[in-house]
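A.B. asks: Pasting run_31.txt here (compact mmCIF, C-alpha atoms and all ligand atoms):
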# COMPACT_ATOMS: atom_id res chain seq x y z
CA MET A 1 77.57 6.50 55.87
CA THR A 2 74.87 4.11 57.16
CA PRO A 3 74.14 4.53 60.85
CA ARG A 4 75.03 1.41 62.86
CA PRO A 5 72.65 0.38 65.63
CA ASP A 6 75.48 -0.56 67.96
CA ARG A 7 77.62 2.58 67.59
CA ILE A 8 77.70 6.22 68.59
CA THR A 9 79.32 8.34 65.90
CA ALA A 10 80.33 11.86 66.87
CA GLY A 11 82.33 14.50 65.02
CA PHE A 12 82.47 18.22 65.79
CA THR A 13 84.70 20.73 64.05
CA GLY A 14 84.75 24.47 64.57
CA ARG A 15 86.13 27.41 66.48
CA LEU A 16 84.80 28.75 69.79
CA GLY A 17 86.54 32.00 70.64
CA THR A 18 90.19 31.05 70.28
CA PHE A 19 89.59 27.33 70.83
CA ASP A 20 89.67 24.94 67.88
CA LEU A 21 87.61 21.79 68.28
CA ASN A 22 88.12 18.92 65.86
CA ALA A 23 86.97 15.84 67.73
CA ARG A 24 85.76 12.74 65.89
CA PHE A 25 85.11 9.34 67.39
CA GLU A 26 83.03 6.23 67.03
CA VAL A 27 82.36 4.19 70.17
CA PRO A 28 80.01 1.34 71.15
CA ALA A 29 76.46 2.39 72.03
CA THR A 30 76.77 0.31 75.21
CA GLY A 31 78.66 0.64 78.47
CA VAL A 32 80.67 3.61 79.67
CA THR A 33 82.87 5.69 77.38
CA ALA A 34 85.22 8.04 79.22
CA LEU A 35 86.33 11.31 77.67
CA PHE A 36 89.68 11.79 79.36
CA GLY A 37 92.29 14.49 78.96
CA PRO A 38 93.89 17.56 80.53
CA SER A 39 91.98 20.62 81.66
CA GLY A 40 90.85 22.77 78.75
CA CYS A 41 91.22 20.05 76.07
CA GLY A 42 87.54 20.28 75.14
CA LYS A 43 85.79 17.47 77.01
CA THR A 44 82.88 19.57 78.26
CA THR A 45 82.56 21.23 74.86
CA VAL A 46 82.15 17.82 73.20
CA LEU A 47 79.44 16.90 75.72
CA ARG A 48 77.67 20.21 75.09
CA CYS A 49 77.81 19.58 71.33
CA MET A 50 76.32 16.12 71.89
CA ALA A 51 73.51 17.65 73.94
CA GLY A 52 72.93 20.26 71.21
CA LEU A 53 73.71 23.09 73.69
CA THR A 54 76.66 24.19 71.58
CA ARG A 55 76.01 24.14 67.86
CA LEU A 56 78.86 23.80 65.41
CA ASN A 57 77.77 23.71 61.79
CA ASP A 58 80.31 21.04 60.94
CA GLY A 59 78.90 18.38 63.22
CA VAL A 60 77.69 14.79 63.13
CA LEU A 61 76.00 12.87 65.90
CA ARG A 62 74.37 9.50 65.45
CA ILE A 63 73.22 7.32 68.31
CA GLY A 64 72.54 4.01 66.64
CA ALA A 65 69.85 4.69 64.05
CA ASP A 66 68.95 8.10 65.53
CA VAL A 67 70.53 11.05 63.74
CA TRP A 68 70.68 14.13 65.98
CA GLN A 69 72.99 16.18 63.82
CA ASP A 70 74.23 15.78 60.26
CA GLY A 71 74.49 18.49 57.61
CA ALA A 72 71.37 20.65 57.80
CA ARG A 73 69.71 18.29 60.27
CA PHE A 74 69.96 19.54 63.86
CA VAL A 75 67.65 18.17 66.54
CA PRO A 76 67.26 20.93 69.17
CA PRO A 77 68.43 20.13 72.71
CA HIS A 78 64.93 19.80 74.19
CA ARG A 79 64.05 17.14 71.57
CA ARG A 80 67.09 14.98 72.38
CA PRO A 81 66.36 12.29 74.97
CA ILE A 82 69.49 12.96 76.99
CA GLY A 83 70.18 12.75 80.72
CA TYR A 84 72.82 15.30 81.74
CA VAL A 85 74.58 15.14 85.09
CA PHE A 86 76.83 18.07 85.98
CA GLN A 87 79.61 18.55 88.56
CA GLU A 88 77.18 20.15 91.00
CA ALA A 89 73.72 18.65 91.43
CA SER A 90 71.21 21.40 90.72
CA LEU A 91 68.22 20.19 92.73
CA PHE A 92 65.19 22.33 93.52
CA PRO A 93 65.45 22.98 97.28
CA HIS A 94 61.72 23.71 97.62
CA LEU A 95 60.72 20.37 96.04
CA SER A 96 60.75 17.07 97.96
CA VAL A 97 63.26 14.40 96.96
CA PRO A 98 60.58 12.33 95.11
CA ASN A 99 59.42 15.44 93.25
CA ASN A 100 62.99 16.31 92.33
CA LEU A 101 63.32 12.78 91.00
CA ARG A 102 60.11 13.02 89.00
CA TYR A 103 60.95 16.43 87.59
CA GLY A 104 61.57 15.91 83.91
CA GLN A 105 60.26 12.34 84.02
CA ARG A 106 59.33 11.35 80.50
CA ARG A 107 57.37 8.54 79.07
CA THR A 108 59.33 5.57 77.85
CA ARG A 109 60.70 5.82 74.36
CA ASN A 110 59.29 3.41 71.83
CA GLY A 111 60.81 -0.03 72.25
CA ALA A 112 63.11 0.98 75.11
CA ARG A 113 63.16 -0.81 78.43
CA PRO A 114 61.62 1.67 80.86
CA VAL A 115 63.52 2.92 83.88
CA ALA A 116 60.97 2.77 86.72
CA PHE A 117 60.90 5.03 89.78
CA ASP A 118 61.31 2.10 92.17
CA ASP A 119 64.26 0.75 90.16
CA VAL A 120 66.03 4.10 90.37
CA VAL A 121 65.40 4.27 94.14
CA ASP A 122 66.81 0.76 94.46
CA LEU A 123 69.78 1.23 92.11
CA LEU A 124 70.94 4.44 93.73
CA GLY A 125 70.11 3.55 97.34
CA LEU A 126 67.63 6.43 97.63
CA ALA A 127 64.99 4.83 99.90
CA ARG A 128 66.38 6.49 103.05
CA LEU A 129 66.46 9.87 101.36
CA LEU A 130 62.88 10.05 100.11
CA ASP A 131 61.50 11.65 103.31
CA ARG A 132 64.43 13.97 103.92
CA PRO A 133 64.22 17.69 103.06
CA THR A 134 66.19 18.26 99.84
CA ALA A 135 68.11 21.16 101.39
CA VAL A 136 69.79 18.97 104.03
CA LEU A 137 71.17 16.30 101.70
CA SER A 138 74.96 15.87 101.56
CA GLY A 139 76.86 16.50 98.32
CA GLY A 140 77.03 12.78 97.52
CA GLU A 141 73.32 12.28 98.27
CA ARG A 142 72.37 15.26 96.11
CA GLN A 143 74.40 13.85 93.26
CA ARG A 144 72.69 10.46 93.58
CA VAL A 145 69.29 12.19 93.36
CA ALA A 146 70.50 14.16 90.31
CA ILE A 147 71.59 10.93 88.61
CA GLY A 148 68.21 9.36 89.46
CA ARG A 149 66.41 12.33 87.95
CA ALA A 150 68.49 12.04 84.77
CA LEU A 151 67.65 8.32 84.51
CA LEU A 152 63.92 8.90 84.99
CA SER A 153 63.90 11.16 81.97
CA GLN A 154 64.27 7.84 80.07
CA PRO A 155 67.39 8.95 78.25
CA ARG A 156 68.75 7.39 75.09
CA LEU A 157 72.15 8.63 76.24
CA LEU A 158 73.49 9.67 79.65
CA LEU A 159 76.07 12.47 79.66
CA MET A 160 78.04 12.87 82.90
CA ASP A 161 80.42 15.82 83.24
CA GLU A 162 82.84 15.18 86.11
CA PRO A 163 79.95 14.10 88.37
CA LEU A 164 82.29 13.35 91.27
CA SER A 165 84.75 16.21 91.04
CA ALA A 166 82.94 18.47 93.50
CA LEU A 167 82.81 15.69 96.13
CA ASP A 168 85.32 14.83 98.84
CA ARG A 169 87.13 11.47 98.78
CA PHE A 170 84.64 9.91 101.20
CA SER A 171 81.59 10.90 99.14
CA LYS A 172 83.33 9.77 95.94
CA ASP A 173 83.99 6.34 97.40
CA GLU A 174 80.38 6.18 98.52
CA ILE A 175 78.96 7.03 95.10
CA LEU A 176 81.30 5.04 92.82
CA PRO A 177 79.74 1.64 93.61
CA TYR A 178 76.35 3.04 92.58
CA LEU A 179 77.78 4.16 89.25
CA GLU A 180 79.26 0.69 88.78
CA THR A 181 75.86 -0.88 89.48
CA LEU A 182 74.20 1.42 86.98
CA HIS A 183 76.69 0.32 84.40
CA ASP A 184 75.87 -3.33 85.00
CA ARG A 185 72.09 -3.08 85.31
CA LEU A 186 71.03 -0.46 82.75
CA ASP A 187 71.52 -0.56 79.03
CA ILE A 188 71.88 3.20 78.60
CA PRO A 189 75.19 4.24 77.06
CA VAL A 190 77.12 6.71 79.20
CA LEU A 191 79.61 9.38 78.06
CA TYR A 192 81.63 10.19 81.17
CA VAL A 193 83.97 13.18 81.36
CA SER A 194 86.79 12.93 83.86
CA HIS A 195 90.38 13.93 84.41
CA ASP A 196 90.79 11.38 87.21
CA ILE A 197 92.38 8.26 85.75
CA ALA A 198 91.41 6.17 88.82
CA GLU A 199 87.73 6.91 88.14
CA VAL A 200 88.18 6.04 84.49
CA GLU A 201 89.85 2.73 85.38
CA ARG A 202 86.91 1.78 87.59
CA LEU A 203 84.10 2.76 85.29
CA ALA A 204 85.06 2.93 81.64
CA ASP A 205 84.95 0.25 78.96
CA THR A 206 86.00 2.55 76.16
CA LEU A 207 88.29 5.55 76.27
CA VAL A 208 88.40 8.66 74.13
CA LEU A 209 91.72 10.32 74.90
CA MET A 210 91.48 14.04 74.18
CA ASP A 211 94.11 16.69 73.73
CA HIS A 212 93.90 20.24 72.30
CA GLY A 213 90.37 19.77 71.00
CA ARG A 214 91.09 16.47 69.24
CA ALA A 215 90.29 12.84 69.97
CA GLU A 216 93.89 11.58 69.94
CA ALA A 217 93.01 7.92 70.48
CA VAL A 218 89.84 5.86 70.79
CA GLY A 219 89.51 2.25 71.85
CA PRO A 220 89.04 -0.28 74.64
CA LEU A 221 90.39 1.03 77.95
CA SER A 222 92.98 -1.73 78.51
CA ALA A 223 94.47 -1.36 75.03
CA LEU A 224 94.93 2.39 75.37
CA MET A 225 96.34 2.19 78.92
CA ALA A 226 99.25 0.09 77.63
CA ASP A 227 99.82 1.80 74.29
CA PRO A 228 103.45 3.01 74.09
CA ALA A 229 102.42 5.77 71.68
CA LEU A 230 100.11 7.37 74.27
CA PRO A 231 100.93 9.33 77.44
CA LEU A 232 98.82 7.15 79.78
CA ALA A 233 101.55 4.57 80.43
CA ARG A 234 103.93 7.37 81.46
CA LEU A 235 101.66 8.71 84.22
CA PRO A 236 103.10 8.18 87.73
CA GLU A 237 100.03 6.09 88.59
CA ALA A 238 100.09 4.10 85.31
CA ALA A 239 98.24 0.82 85.61
CA GLU A 240 96.67 -1.86 83.48
CA VAL A 241 93.07 -2.96 83.82
CA LEU A 242 92.32 -6.59 82.99
CA ASP A 243 89.14 -8.62 82.71
CA ALA A 244 89.34 -11.70 84.92
CA GLU A 245 87.24 -14.70 85.88
CA VAL A 246 87.40 -16.61 89.17
CA VAL A 247 88.56 -20.19 88.49
CA GLU A 248 89.53 -21.54 91.92
CA HIS A 249 89.41 -20.85 95.66
CA ASP A 250 91.94 -21.48 98.38
CA SER A 251 89.64 -21.06 101.36
CA ALA A 252 92.35 -22.06 103.87
CA TYR A 253 94.25 -18.88 102.97
CA GLY A 254 91.35 -16.69 101.80
CA LEU A 255 92.73 -16.50 98.27
CA ALA A 256 91.15 -16.83 94.85
CA THR A 257 92.75 -17.69 91.52
CA VAL A 258 91.51 -15.67 88.57
CA ALA A 259 92.18 -16.26 84.89
CA VAL A 260 93.11 -13.37 82.60
CA PRO A 261 93.99 -13.69 78.91
CA GLY A 262 97.43 -15.33 78.93
CA GLY A 263 97.79 -16.16 82.62
CA ARG A 264 96.41 -16.75 86.08
CA LEU A 265 96.73 -14.59 89.17
CA ILE A 266 96.14 -15.20 92.85
CA VAL A 267 94.17 -12.45 94.56
CA PRO A 268 93.76 -11.99 98.29
CA ALA A 269 90.02 -11.43 98.30
CA ASP A 270 86.60 -12.93 98.57
CA ALA A 271 86.14 -12.88 94.83
CA GLY A 272 82.80 -14.70 94.68
CA ALA A 273 81.89 -18.04 93.13
CA VAL A 274 83.86 -19.74 90.36
CA GLY A 275 82.82 -18.04 87.13
CA THR A 276 82.39 -14.57 88.69
CA ARG A 277 83.90 -11.90 86.47
CA HIS A 278 85.99 -9.03 87.84
CA ARG A 279 88.04 -6.12 86.68
CA LEU A 280 91.63 -6.20 88.00
CA ARG A 281 93.94 -3.24 88.37
CA ILE A 282 97.68 -3.82 88.34
CA VAL A 283 99.82 -0.75 88.92
CA ALA A 284 103.05 -0.57 86.88
CA ASN A 285 105.05 0.27 90.03
CA ASP A 286 103.93 -3.09 91.54
CA VAL A 287 105.38 -5.15 88.70
CA SER A 288 109.09 -6.04 88.54
CA LEU A 289 110.93 -8.30 86.09
CA SER A 290 113.26 -11.25 86.42
CA ARG A 291 115.04 -13.37 83.80
CA GLN A 292 114.40 -16.57 85.79
CA PRO A 293 111.33 -17.31 87.91
CA PRO A 294 112.34 -17.31 91.59
CA ALA A 295 112.01 -20.71 93.29
CA ALA A 296 108.68 -20.78 95.15
CA ALA A 297 110.55 -21.41 98.41
CA ASP A 298 112.69 -18.26 97.94
CA SER A 299 110.09 -15.59 97.32
CA SER A 300 106.97 -14.28 99.02
CA ILE A 301 105.56 -13.09 95.70
CA LEU A 302 102.73 -15.39 94.67
CA ASN A 303 102.22 -14.06 91.19
CA VAL A 304 105.06 -14.77 88.80
CA LEU A 305 104.00 -14.87 85.15
CA PRO A 306 105.86 -15.35 81.90
CA VAL A 307 105.64 -12.24 79.73
CA ARG A 308 106.97 -11.06 76.39
CA ILE A 309 108.67 -7.63 76.33
CA ILE A 310 107.11 -5.48 73.61
CA GLY A 311 108.99 -2.26 74.25
CA ALA A 312 110.26 0.16 76.87
CA GLU A 313 110.22 3.91 77.46
CA PRO A 314 112.49 5.93 79.76
CA THR A 315 110.28 7.48 82.45
CA GLY A 316 111.89 10.32 84.41
CA ALA A 317 115.61 10.19 85.07
CA HIS A 318 115.90 6.76 86.69
CA LEU A 319 113.00 4.61 85.60
CA VAL A 320 111.87 2.61 82.59
CA THR A 321 108.26 1.72 81.80
CA VAL A 322 108.20 -1.71 80.18
CA PHE A 323 105.35 -2.76 77.88
CA LEU A 324 104.53 -6.46 78.19
CA LEU A 325 102.11 -9.06 76.90
CA LEU A 326 101.22 -12.01 79.12
CA GLY A 327 102.26 -15.53 78.15
CA HIS A 328 105.46 -17.20 76.85
CA ASP A 329 104.47 -16.30 73.30
CA GLY A 330 103.09 -12.85 74.19
CA THR A 331 99.55 -13.56 73.02
CA GLY A 332 97.83 -12.59 76.29
CA ALA A 333 96.64 -9.35 77.86
CA PRO A 334 98.86 -6.27 78.13
CA LEU A 335 100.71 -5.47 81.35
CA LEU A 336 103.01 -2.61 82.40
CA ALA A 337 106.11 -2.86 84.60
CA ARG A 338 108.12 0.00 86.04
CA ILE A 339 111.72 -0.79 86.92
CA THR A 340 114.91 1.22 87.34
CA ARG A 341 117.02 2.00 84.32
CA LYS A 342 119.89 0.33 86.15
CA SER A 343 117.93 -2.96 86.44
CA TRP A 344 116.96 -2.76 82.76
CA ASP A 345 120.65 -2.46 81.82
CA MET A 346 121.97 -4.99 84.36
CA LEU A 347 119.48 -7.65 83.27
CA GLY A 348 120.23 -6.92 79.61
CA LEU A 349 116.54 -6.66 78.81
CA ALA A 350 115.30 -5.97 75.29
CA ALA A 351 112.12 -6.08 73.24
CA GLY A 352 111.26 -9.59 72.02
CA GLN A 353 112.56 -11.39 75.13
CA THR A 354 110.38 -13.62 77.27
CA VAL A 355 110.97 -12.90 80.98
CA HIS A 356 109.02 -13.23 84.23
CA ALA A 357 106.81 -10.54 85.71
CA MET A 358 106.60 -10.55 89.49
CA VAL A 359 103.37 -8.90 90.51
CA LYS A 360 103.39 -7.52 94.05
CA GLY A 361 99.86 -6.20 94.16
CA VAL A 362 96.62 -6.94 92.36
CA ALA A 363 93.48 -4.98 93.20
CA LEU A 364 90.04 -6.23 92.38
CA VAL A 365 88.14 -3.26 91.11
CA ASP A 366 84.77 -3.60 92.71
CA ARG A 367 82.62 -4.46 89.78
CA PRO A 368 82.15 -7.39 87.48
CA ALA A 369 83.92 -7.13 84.15
CA PRO A 370 81.61 -6.79 81.15
CA GLU A 371 80.89 -9.84 79.09
CA PRO A 372 83.49 -10.22 76.34
CA PRO A 373 82.57 -7.68 73.65
CA THR A 374 80.81 -8.87 70.54
CA THR A 375 81.60 -5.68 68.64
CA HIS A 376 84.91 -4.28 67.52
CA THR A 377 85.94 -0.88 68.80
CA GLY A 378 88.03 1.52 66.79
CA ASP A 379 88.52 5.04 65.66
CA SER A 380 86.43 6.13 62.74
CA ARG A 381 89.01 8.62 61.52
N1 LIG B 401 81.45 29.20 73.76
C1 LIG B 401 82.76 29.35 73.93
N2 LIG B 401 83.40 30.48 73.55
C2 LIG B 401 84.72 30.62 73.69
N3 LIG B 401 85.53 29.68 74.18
C3 LIG B 401 84.97 28.53 74.58
C4 LIG B 401 83.56 28.30 74.47
N4 LIG B 401 83.30 27.05 74.93
C5 LIG B 401 84.48 26.54 75.33
N5 LIG B 401 85.49 27.42 75.11
C6 LIG B 401 86.92 27.20 75.39
O1 LIG B 401 87.24 25.88 74.95
C7 LIG B 401 88.26 25.33 75.75
C8 LIG B 401 87.85 23.94 76.21
O2 LIG B 401 86.92 24.03 77.27
P1 LIG B 401 86.26 22.78 77.94
O3 LIG B 401 85.45 23.27 79.11
O4 LIG B 401 85.53 21.99 76.91
O5 LIG B 401 87.51 21.95 78.45
P2 LIG B 401 87.56 20.69 79.42
O6 LIG B 401 88.47 19.71 78.80
O7 LIG B 401 86.19 20.23 79.74
O8 LIG B 401 88.26 21.33 80.70
P3 LIG B 401 88.10 21.00 82.28
O9 LIG B 401 88.63 19.63 82.49
O10 LIG B 401 88.95 22.08 82.92
O11 LIG B 401 86.64 21.15 82.61
C9 LIG B 401 88.51 26.30 76.88
O12 LIG B 401 89.65 27.04 76.58
C10 LIG B 401 87.27 27.18 76.86
O13 LIG B 401 87.56 28.46 77.34
Translate this file's structure into structure tokens.

C.D. replies:
Amino acid sequence: MTPRPDRITAGFTGRLGTFDLNARFEVPATGVTALFGPSGCGKTTVLRCMAGLTRLNDGVLRIGADVWQDGARFVPPHRRPIGYVFQEASLFPHLSVPNNLRYGQRRTRNGARPVAFDDVVDLLGLARLLDRPTAVLSGGERQRVAIGRALLSQPRLLLMDEPLSALDRFSKDEILPYLETLHDRLDIPVLYVSHDIAEVERLADTLVLMDHGRAEAVGPLSALMADPALPLARLPEAAEVLDAEVVEHDSAYGLATVAVPGGRLIVPADAGAVGTRHRLRIVANDVSLSRQPPAAADSSILNVLPVRIIGAEPTGAHLVTVFLLLGHDGTGAPLLARITRKSWDMLGLAAGQTVHAMVKGVALVDRPAPEPPTTHTGDSR
């Protein structure tokens, strides 16, 4: 198979102790790809195989035109330009923060845009930390320094293994915006391991859904979140993530109108100038359905959109998760609704009908949506 400059192709098959790994996926060599799945499904093992730290003989890894493993070819870990960020930042306490950052700093790879020390300090908000003793940094600050150090090694690929899981909620919220900025400002592909779906929704463009050592599904985040065949839509916190663009302001009420494929939504936020792109998160529990749109004078819900019902799944004893596509003809973006089984029956709802989704809450996820993709994402299996 010819390596493609815009893709990462990975495939690892083998047995480790009693664990069988058979994970194959092809993802874009841009943006953030999340490896998501339950504890013990093999996420860390895949990352270790990608770094060359675990060697399975039946393995393939191509990052664009670079072949790191294929057949007899195996580039040893120290020859792979990889940045690796672990759960716990392992800084050297006796080194200053700048020296920790410079540890492992490599020269720029041929043709790559260099990541400069000052850029890393700026991107990760490290200026205030440079004079502080390393040993007194908080968990979140240590992790930011560890990410900076990984970036200064001029990686071709950044591997992040649950980088926020050892942090408390406050430190997580502090560090997430930095990760979002990295995503937008650097062109280093990131493989991000997490079992926190909220983190994945904020950061990922592409999702590799893992279970029992296999990549069960691979594709754009929003498509997989609303796929009836996958378990994501049945999670209690199921949500859909949509790319949106600001099209109008209502400054008198502090509202903005954003366009998503197949509809428009009003968001209560300072969403930036017309044309600004955002990622929206709409939780299934915040979406209800109605056969007729309520008269504007009768309802406080601002967002009522025509949707086509694609399917429905019983969820627990009393609820139904409804799979929708925006627009009268169902050609827009996917959306999830969660309603009671009683409402589903009383309204006589069925797949193929066009109804109205009433959206109670829309959250702007704090980062611009990526430009519309120019490449197609899919599983290579
Ligand atoms: N070298 C090894 N020898 C034996 N078993 C191994 C080895 N490496 C990994 N395993 C086993 O493979 C399984 C997957 O582990 P892994 O750490 O990749 O899962 P994970 O999805 O990252 O889990 P978590 O989310 O809990 O970190 C585990 O059962 C682990 O014990």

A.B. asks: Could you list, as a count of residues only, every residue within 9 Å of A:Glu237, counting all atoms listed in the file and ignoring same-chain residues fewer than 4 positions away?

C.D. replies: 7

A.B. asks: Could you give me, as an NGL selection string, the residues that have an atom at most 8 Å away from the point (85.4, -15.3, 102.6) in the coordinates of the file, using only C-alpha atoms?

C.D. replies: :A and (251 or 254 or 269-270)

A.B. asks: Taking all atoms listed in the file into account, report as an NGL selection string which residues have an atom no farther than 10 Å from an atom of ligand LIG 401 (chain B).

C.D. replies: :A and (15-21 or 35-49 or 53-55 or 87 or 161-162 or 165 or 193-196 or 210-213)

A.B. asks: If you count all atoms listed in the file, which residues fall within 10 Å of A:Pro268, apart from same-chain ones fewer than 5 positions away, as a ChimeraX atom specification?

C.D. replies: /A:250,253-257,361-364

A.B. asks: Considering only C-alpha atoms, can you say which of A:Arg132, A:Arg185, A:Arg7, A:Arg24 comes closest to A:Val208?

C.D. replies: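 Among the listed residues, A:Arg24 lies closest to A:Val208.
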
A.B. asks: For A:Leu221, which of A:Gln105, A:His328, A:Val32, A:His94 is the closest residue, counting all atoms listed in the file?

C.D. replies: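 Nearest to A:Leu221: A:Val32.
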
A.B. asks: Between atom CA of A:Leu242 and atom CA of A:Ala223, measure the distance and give it in Å to one decimal.

C.D. replies: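 Atom CA of A:Ala223 lies at a distance of 9.8 Å from atom CA of A:Leu242.
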
A.B. asks: Tell me, in Å to one decimal, how far atom CA of A:Phe323 is from atom CA of A:Val246.

C.D. replies: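 Straight-line distance from atom CA of A:Phe323 to atom CA of A:Val246 works out to 25.3 Å.
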
A.B. asks: Quick one: axis-aligned box around all listed atoms of stretch 210-217 of chain A, 6 Å on every side, centre and edge lengths in Å to one decimal, written as AutoDock Vina command-line options.

C.D. replies:
--center_x 92.2 --center_y 14.1 --center_z 71.7 --size_x 15.8 --size_y 24.3 --size_z 16.9

A.B. asks: With distances taken over all atoms listed in the file, which of A:Arg62, A:Leu324, A:Ala150, A:Gly140 is nearest to A:Asp173?

C.D. replies: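 Comparing A:Arg62, A:Leu324, A:Ala150, A:Gly140 against A:Asp173, the winner is A:Gly140.
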
A.B. asks: Can you work out the spacing between atom CA of A:Leu130 and atom CA of A:Val97 in Å, to one decimal?

C.D. replies: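 Those two atoms sit 5.4 Å apart.
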
A.B. asks: Find the residue from A:Pro261, A:Pro28, A:Gly352, A:Pro334 that sits nearest to A:Asp187; use all atoms listed in the file when measuring.

C.D. replies: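 Comparing A:Pro261, A:Pro28, A:Gly352, A:Pro334 against A:Asp187, the winner is A:Pro28.
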
A.B. asks: Of the residues A:Ile309, A:Leu280, A:Val359, A:Leu235, which is the one nearest to A:Pro293, using all atoms listed in the file?

C.D. replies: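 Closest candidate: A:Val359.
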
A.B. asks: Kindly indicate which residue among A:Ala146, A:Val365, A:His356, A:Ala226 lies nearest to A:Ala271, using only C-alpha atoms for the distances.

C.D. replies: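 With only C-alpha atoms as the atom set, the closest residue is A:Val365.
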
A.B. asks: Mind checking which residues fall within 12 Å of A:Asp66, counting only C-alpha atoms, ignoring those fewer than 3 positions away in the same chain, and posting them as a PyMOL selection string?

C.D. replies: chain A and resi 2-9+29+60-63+69-70+73-75+79-81+156-157

A.B. asks: Which residues are near stretch 116-120 of chain A? Cut-off 8 Å, all atoms listed in the file, ignore same chain within fewer than 2 positions. Put them as a VMD selection string.

C.D. replies: chain A and resid 114 122 to 124 126 148 151 to 152

A.B. asks: Select from stretch 202-321 of chain A every residue with an atom at most 10 Å from any atom of stretch 177-184 of chain A, then for each give the shortest pair of atoms and their distance in Å to one decimal, using all atoms listed in the file, rows by chain and rising number, as CSV.

C.D. replies:
residue,atom,partner,partner_atom,distance
A:Arg202,CA,A:Glu180,CA,7.8
A:Leu203,CA,A:Glu180,CA,6.3
A:Ala204,CA,A:His183,CA,9.2
A:Asp205,CA,A:His183,CA,9.9

A.B. asks: Mind rebuilding stretch 77-92 of chain A with N, CA and C atoms and writing that out as a PDB file, in the coordinates of the input?

C.D. replies:
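Final output, saved to part-v1.pdb:
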ATOM      1  N   PRO A  77      68.110  20.816  71.457  1.00  0.00           N
ATOM      2  CA  PRO A  77      68.430  20.130  72.710  1.00  0.00           C
ATOM      3  C   PRO A  77      67.206  19.529  73.413  1.00  0.00           C
ATOM      4  N   HIS A  78      66.084  20.282  73.426  1.00  0.00           N
ATOM      5  CA  HIS A  78      64.930  19.800  74.190  1.00  0.00           C
ATOM      6  C   HIS A  78      64.256  18.599  73.523  1.00  0.00           C
ATOM      7  N   ARG A  79      64.625  18.316  72.258  1.00  0.00           N
ATOM      8  CA  ARG A  79      64.050  17.140  71.570  1.00  0.00           C
ATOM      9  C   ARG A  79      64.993  15.935  71.657  1.00  0.00           C
ATOM     10  N   ARG A  80      66.155  16.109  72.268  1.00  0.00           N
ATOM     11  CA  ARG A  80      67.090  14.980  72.380  1.00  0.00           C
ATOM     12  C   ARG A  80      66.857  14.281  73.722  1.00  0.00           C
ATOM     13  N   PRO A  81      66.568  12.990  73.701  1.00  0.00           N
ATOM     14  CA  PRO A  81      66.360  12.290  74.970  1.00  0.00           C
ATOM     15  C   PRO A  81      67.703  11.998  75.663  1.00  0.00           C
ATOM     16  N   ILE A  82      68.171  13.022  76.359  1.00  0.00           N
ATOM     17  CA  ILE A  82      69.490  12.960  76.990  1.00  0.00           C
ATOM     18  C   ILE A  82      69.338  13.197  78.488  1.00  0.00           C
ATOM     19  N   GLY A  83      70.046  12.427  79.304  1.00  0.00           N
ATOM     20  CA  GLY A  83      70.180  12.750  80.720  1.00  0.00           C
ATOM     21  C   GLY A  83      71.528  13.414  80.891  1.00  0.00           C
ATOM     22  N   TYR A  84      71.558  14.546  81.597  1.00  0.00           N
ATOM     23  CA  TYR A  84      72.820  15.300  81.740  1.00  0.00           C
ATOM     24  C   TYR A  84      73.082  15.477  83.229  1.00  0.00           C
ATOM     25  N   VAL A  85      74.211  14.982  83.685  1.00  0.00           N
ATOM     26  CA  VAL A  85      74.580  15.140  85.090  1.00  0.00           C
ATOM     27  C   VAL A  85      75.831  16.012  85.149  1.00  0.00           C
ATOM     28  N   PHE A  86      75.739  17.098  85.915  1.00  0.00           N
ATOM     29  CA  PHE A  86      76.830  18.070  85.980  1.00  0.00           C
ATOM     30  C   PHE A  86      77.670  17.853  87.249  1.00  0.00           C
ATOM     31  N   GLN A  87      78.754  18.637  87.358  1.00  0.00           N
ATOM     32  CA  GLN A  87      79.610  18.550  88.560  1.00  0.00           C
ATOM     33  C   GLN A  87      78.813  18.784  89.825  1.00  0.00           C
ATOM     34  N   GLU A  88      77.972  19.808  89.813  1.00  0.00           N
ATOM     35  CA  GLU A  88      77.180  20.150  91.000  1.00  0.00           C
ATOM     36  C   GLU A  88      75.733  19.788  90.704  1.00  0.00           C
ATOM     37  N   ALA A  89      75.123  19.025  91.618  1.00  0.00           N
ATOM     38  CA  ALA A  89      73.720  18.650  91.430  1.00  0.00           C
ATOM     39  C   ALA A  89      72.848  19.880  91.619  1.00  0.00           C
ATOM     40  N   SER A  90      72.075  20.224  90.589  1.00  0.00           N
ATOM     41  CA  SER A  90      71.210  21.400  90.720  1.00  0.00           C
ATOM     42  C   SER A  90      69.795  20.928  91.037  1.00  0.00           C
ATOM     43  N   LEU A  91      69.560  20.622  92.311  1.00  0.00           N
ATOM     44  CA  LEU A  91      68.220  20.190  92.730  1.00  0.00           C
ATOM     45  C   LEU A  91      67.400  21.418  93.099  1.00  0.00           C
ATOM     46  N   PHE A  92      66.069  21.237  93.080  1.00  0.00           N
ATOM     47  CA  PHE A  92      65.190  22.330  93.520  1.00  0.00           C
ATOM     48  C   PHE A  92      64.995  22.187  95.027  1.00  0.00           C
TER      49      PHE A  92
END
